[in-house]
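J.: Below is a structure I'd like to ask you about.
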Amino acid sequence: MMILDRRPTGAPGRFTALFLALLLTLATPAALAQQPTITPNYKDADLRQIIEAVSAITGRNFIIDPRVRAQVTMLSAEPMSPEAFYATFLSILEVHGYIAVPAGDLVKILPDANARQVPGVDLPRAQPGSPDEIVTQVVTIKNIGAAQLVPILRPLIPQYGHLAAHQASNMLIISDRAANVNRLLRIIQRIDTGADADIEVIPLQHASAGDVVRVVSALREASMGGETTKPIGLVADDRTNSVLISGDELARLRLRALISHLDTPLEEGGNTQVVYLHYADAEDLAQRLGEQATADSNLGAAGGAPQQGGGAVRREDGVLIWADPGTNALVITAPSEVMRSLKMVIDKLDIRRAQVLVEAIVAEVSYNRAAELGVTWALDGSNDNNIIGLTKLGSGGNISDIAGAALSGDSGLAQAIGGLPQGILLGGGRINSSSGTNWGVVLRALLSDSDTNVLSTPSITTMDNEEAEIKVGQEVPFLTGQFTNTGASQGSVNPFQTIERKDVGLTLRVTPQINDGDAVVMTVALETSNLSRSGAGGAVDLITNQRSINQKVLIENGEILVLGGLVSDDLIQSEQKVPLLGDLPILGHLFRSQSATTEKRTLMVFLRPVILRDGPQAAMETNAKYRQMQDAQSGAAERGSQFLNRNVPSPEIPDFESLKPASEGYVPPPPDDEIEDSAPVKDYGDRDD
């Protein structure tokens with residue numbers, strides 16, 4: 001690197017001084033009085049000599065890069081001022097691929113390949129002294145994306161220049177010579193214009209906005225033929241039945257004429273359209289739209305009442321709506337005003353409805369404790385002409401029952417023994433049929449303990465505002481009557497019974513309604529019943545335990561709400577004794593019978609709704625239930641393998657992934673006849689058992 005001072009020294013300095021002196025003598029005296037001028041003319045001059053001349057005329061100090069070498073030819077016909085000569089010098093540097101970078105009191109002469117790394121004039125804070133000076137400009141884009149301008153402006157930037165977009169602030173950063181930066185700013189100003197003033201709204205009177213946009217868009221795509229044209233925006237507003245156009249004025253004029261031609265009434269004053277439904281039922285929606293068409297027509301003009309026949313709704317003013325169940329489509333013939341109103345209603349009703357997975361939990365825990373202790377006596381003095389006496393305390397198993405059965409013979413005794421209550425019976429006595437007094441005593445003791453734990457978790461999935469019901473149980477026969485017919489001719493007896501079958505199990509009936517948000521209003525009817533394991537005194541048939549809840553509640557999505565429950569604690573104590581004798585200390589227990597029963601029950605019913613708004617969420621819940629069933633079957637197979645033949649396969653539902661169609665990535669296995677045997681099949685022989 002060489003530093004050039006403006007003071008001439010040595011031979012080059014003397015040459016420059018003589019050259020400048022000669023040029024100054026050629027200037028007019030008037031010009032010399034005002035400002036020194038120079039008329040430079042060079043032919044194959046060394047660039048370093050020109051830099052020395054510029055330093056001498058302008059008084060600037062230069063630092064020259066060793067790579068700066070060039071032969072310069074310049075012709076000038078008029079004198080120049082020092083500033084004009086310096087601007088011409090910057091143009092010479094640009095032609096030969098060099099730049100002048102100010103650095104304080106010095107000016108660096110570098111190749112233009114380093115222009116990106118050197119500081120330049122920061123616009124608009126400072127103004128460049130020459131159009132060829134390196135400057136940096138940050139431009140804010142208002143109407144379009146800054147990144148969209150980069151590929152457009154990149155060819156206009158030389159290799160040593162810099163162009164980048166900052167998407168966060170929508171700005172462009174440009175670094176280049178001042179003249180080129182000004183040109184780019186003018187181009188950006190023309191491109192970055194708002195399109196609000198170029199939007200036209202064309203209301204339609206007869207045609208449908210959606211159909212017009214579809215036809216015009218198809219026509220434009222066919223006419224373009226791959227050629228690049230000016231962009232045109234074309235949007236249909238079904239609510240106002242209008243077409244919105246944006247773009248070039250000439251193109252908008254052509255589209256306006258085409259749309260006006262399409263917006264013409266039909267000869268019969270109406271049109272027919274086929275609307276394919278995605279989710280709604282065509283037959284049900286046709287009846288509802290008939291009522292809507294009636295209301296719309298009554299607002300405009302008096303029309304006849306709707307007539308229904310053949311699955312269609314017909315009006316006297318020409319409105320016809322009928323459903324095609326095969327394609328789930330509606331065929332509508334109506335004037336354009338009524339047609340727009342009906343299509344708006346169809347778009348609102350034909351939507352995907354959310355589903356609700358309802359899970360109920362019925363949990364019941366109960367236990368019973370019972371204890372009985374009693375003594376009964378019998379005294380028979382009939383052989384000695386004495387009084388017969390006995391005691392009967394408690395229910396069943398008394399000495400009176402056993403004695404009565406014994407006196408009736410072997411059959412009665414066997415029947416009495418079969419009807420003895422649970423517990424232990426200890427008896428003793430003296431029985432002598434010839435003489436003396438017979439006596440007997442029976443001691444009955446019972447202690448019972450039973451626990452019950454019932455858990456039911458039914459689940460059901462239904463659509464929003466649709467009632468669903470699930471029943472899990474069995475039909476149990478109940479005896480309702482007995483009859484005996486005696487034949488008049490042969491005296492035969494024909495007894496028969498009447499039986500009524502009733503459902504015993506679990507029934508869940510729900511109607512969910514999804515509110516705005518994640519809340520669900522549930523109308524719930526839950527009933528669960530089962531056969532009682534313990535009989536009740538005086539019951540002539542089976543006993544069923546029944547629990548039911550009917551109510552309407554509000555539950556958040558995925559939350560659990562308790563619907564109701566029962567917590568009961570019953571204690572029943574009874575005592576039977578002989579008067580006076582039963583009150584004796586210690587001995588009174590021989591003439592006393594005591595029983596105590598404790599029953600505690602805890603019953604709770606919970607409900608949990610889960611909103612399934614789309615297919616993936618429904619598939620996720622289904623997969624979870626599917627895995628739960630597979631785990632239950634796997635556990636049953638492992639438990640059964642300890643007792644059953646291991647060679648007998650256990651039935652299992654297929655894997656969840658294998659049920660998906662082949663389009664989702666699953667390839668079904670080949671048929672059995674295409675599978676080659678990889679191992680011999682073991683022959684177990686004939687099994688007659």
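Just so we're on the same page: first chain in the structure tokens is A, next is B, and so on; residues restart at 1 for each chain, and ligands are numbered from 1 in the order they show up.
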Tell me, as a PyMOL selection string, which residues lie within 6 Å of Ser246 (chain A), counting only C-alpha atoms; anything in the same chain fewer than 3 positions away does not count.

T.: chain A and resi 198-199+232-233

J.: Within 10 Å of Ala618 (chain A), counting only C-alpha atoms, which residues show up once you throw out same-chain ones fewer than 4 positions away? Write them as a list in words, please.

T.: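 What passes the distance filter is Ala354, Gln355, Val356, Leu357, Thr461, Val610, Ile611, Leu612, Arg613, Asp614, Thr622 and Asn623 of chain A.
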
J.: Apply DSSP to the backbone of this structure and, from region 153-273 of chain A, keep only the residues in strand (DSSP E); write these as a ChimeraX atom specification.

T.: /A:162-166,171-177,199-203,233-237,242-246,271-273

J.: Write the residues of the preceding selection, restricted to N, CA and C atoms, as a short mmCIF file (atom, residue, chain, number, x, y, z; two decimals), in the first residue's frame.

T.:
data_model
loop_
_atom_site.label_atom_id
_atom_site.label_comp_id
_atom_site.auth_asym_id
_atom_site.auth_seq_id
_atom_site.Cartn_x
_atom_site.Cartn_y
_atom_site.Cartn_z
N HIS A 162 -24.59 -4.91 -3.14
CA HIS A 162 -25.25 -5.77 -2.15
C HIS A 162 -26.74 -5.44 -2.12
N LEU A 163 -27.58 -6.50 -2.10
CA LEU A 163 -29.03 -6.36 -2.02
C LEU A 163 -29.56 -7.49 -1.15
N ALA A 164 -30.27 -7.15 -0.08
CA ALA A 164 -30.82 -8.15 0.85
C ALA A 164 -32.14 -7.63 1.40
N ALA A 165 -33.01 -8.58 1.80
CA ALA A 165 -34.32 -8.26 2.36
C ALA A 165 -34.38 -8.70 3.81
N HIS A 166 -34.94 -7.85 4.66
CA HIS A 166 -35.19 -8.19 6.06
C HIS A 166 -36.70 -8.37 6.21
N MET A 171 -38.00 -4.65 4.96
CA MET A 171 -37.09 -3.63 4.45
C MET A 171 -36.10 -4.24 3.47
N LEU A 172 -35.57 -3.37 2.59
CA LEU A 172 -34.51 -3.73 1.65
C LEU A 172 -33.24 -2.97 2.01
N ILE A 173 -32.10 -3.66 1.94
CA ILE A 173 -30.79 -3.05 2.18
C ILE A 173 -30.04 -3.06 0.86
N ILE A 174 -29.68 -1.86 0.36
CA ILE A 174 -29.01 -1.72 -0.93
C ILE A 174 -27.68 -1.02 -0.71
N SER A 175 -26.62 -1.56 -1.28
CA SER A 175 -25.30 -0.94 -1.23
C SER A 175 -24.72 -0.95 -2.65
N ASP A 176 -24.50 0.24 -3.21
CA ASP A 176 -24.00 0.37 -4.58
C ASP A 176 -23.61 1.83 -4.80
N ARG A 177 -23.24 2.16 -6.00
CA ARG A 177 -22.93 3.55 -6.32
C ARG A 177 -24.20 4.39 -6.27
N ILE A 199 -59.74 -1.98 -7.03
CA ILE A 199 -60.72 -3.04 -6.76
C ILE A 199 -62.10 -2.55 -7.16
N GLU A 200 -62.79 -3.37 -7.93
CA GLU A 200 -64.14 -3.07 -8.37
C GLU A 200 -65.08 -4.15 -7.84
N VAL A 201 -66.25 -3.71 -7.42
CA VAL A 201 -67.30 -4.61 -6.95
C VAL A 201 -68.43 -4.58 -7.96
N ILE A 202 -68.72 -5.74 -8.55
CA ILE A 202 -69.76 -5.83 -9.58
C ILE A 202 -70.90 -6.66 -9.01
N PRO A 203 -72.01 -6.06 -8.62
CA PRO A 203 -73.17 -6.84 -8.14
C PRO A 203 -73.88 -7.53 -9.29
N GLY A 233 -57.07 -10.28 -9.97
CA GLY A 233 -57.75 -10.91 -8.85
C GLY A 233 -59.23 -11.03 -9.11
N LEU A 234 -59.78 -12.23 -8.88
CA LEU A 234 -61.19 -12.49 -9.15
C LEU A 234 -61.75 -13.31 -8.00
N VAL A 235 -62.66 -12.71 -7.21
CA VAL A 235 -63.21 -13.36 -6.01
C VAL A 235 -64.72 -13.19 -6.03
N ALA A 236 -65.42 -14.25 -5.59
CA ALA A 236 -66.88 -14.22 -5.50
C ALA A 236 -67.31 -14.02 -4.05
N ASP A 237 -68.25 -13.12 -3.84
CA ASP A 237 -68.85 -12.89 -2.52
C ASP A 237 -70.28 -13.42 -2.59
N SER A 242 -71.86 -10.84 -5.38
CA SER A 242 -71.07 -9.86 -6.12
C SER A 242 -69.74 -10.49 -6.49
N VAL A 243 -69.12 -9.90 -7.52
CA VAL A 243 -67.80 -10.32 -8.00
C VAL A 243 -66.83 -9.18 -7.77
N LEU A 244 -65.71 -9.45 -7.10
CA LEU A 244 -64.67 -8.46 -6.82
C LEU A 244 -63.51 -8.67 -7.78
N ILE A 245 -63.10 -7.58 -8.46
CA ILE A 245 -62.03 -7.64 -9.46
C ILE A 245 -60.95 -6.64 -9.06
N SER A 246 -59.70 -7.06 -9.17
CA SER A 246 -58.56 -6.17 -8.94
C SER A 246 -57.51 -6.45 -10.00
N ASN A 271 -83.74 -20.88 -12.85
CA ASN A 271 -82.70 -21.82 -13.22
C ASN A 271 -82.76 -23.02 -12.30
N THR A 272 -82.09 -24.07 -12.68
CA THR A 272 -82.06 -25.33 -11.93
C THR A 272 -80.62 -25.68 -11.60
N GLN A 273 -80.41 -26.04 -10.38
CA GLN A 273 -79.07 -26.42 -9.93
C GLN A 273 -79.16 -27.70 -9.11
#

J.: To one decimal place, how far is CA of Asp655 (chain A) from CA of Ala636 (chain A) in Å?

T.: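 That distance, rounded to one decimal, is 16.8 Å.
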
J.: Residues of region 322-353 of chain A in alpha helix (DSSP H) according to DSSP, as an MDAnalysis selection string?

T.: chainID A and resid 336:349
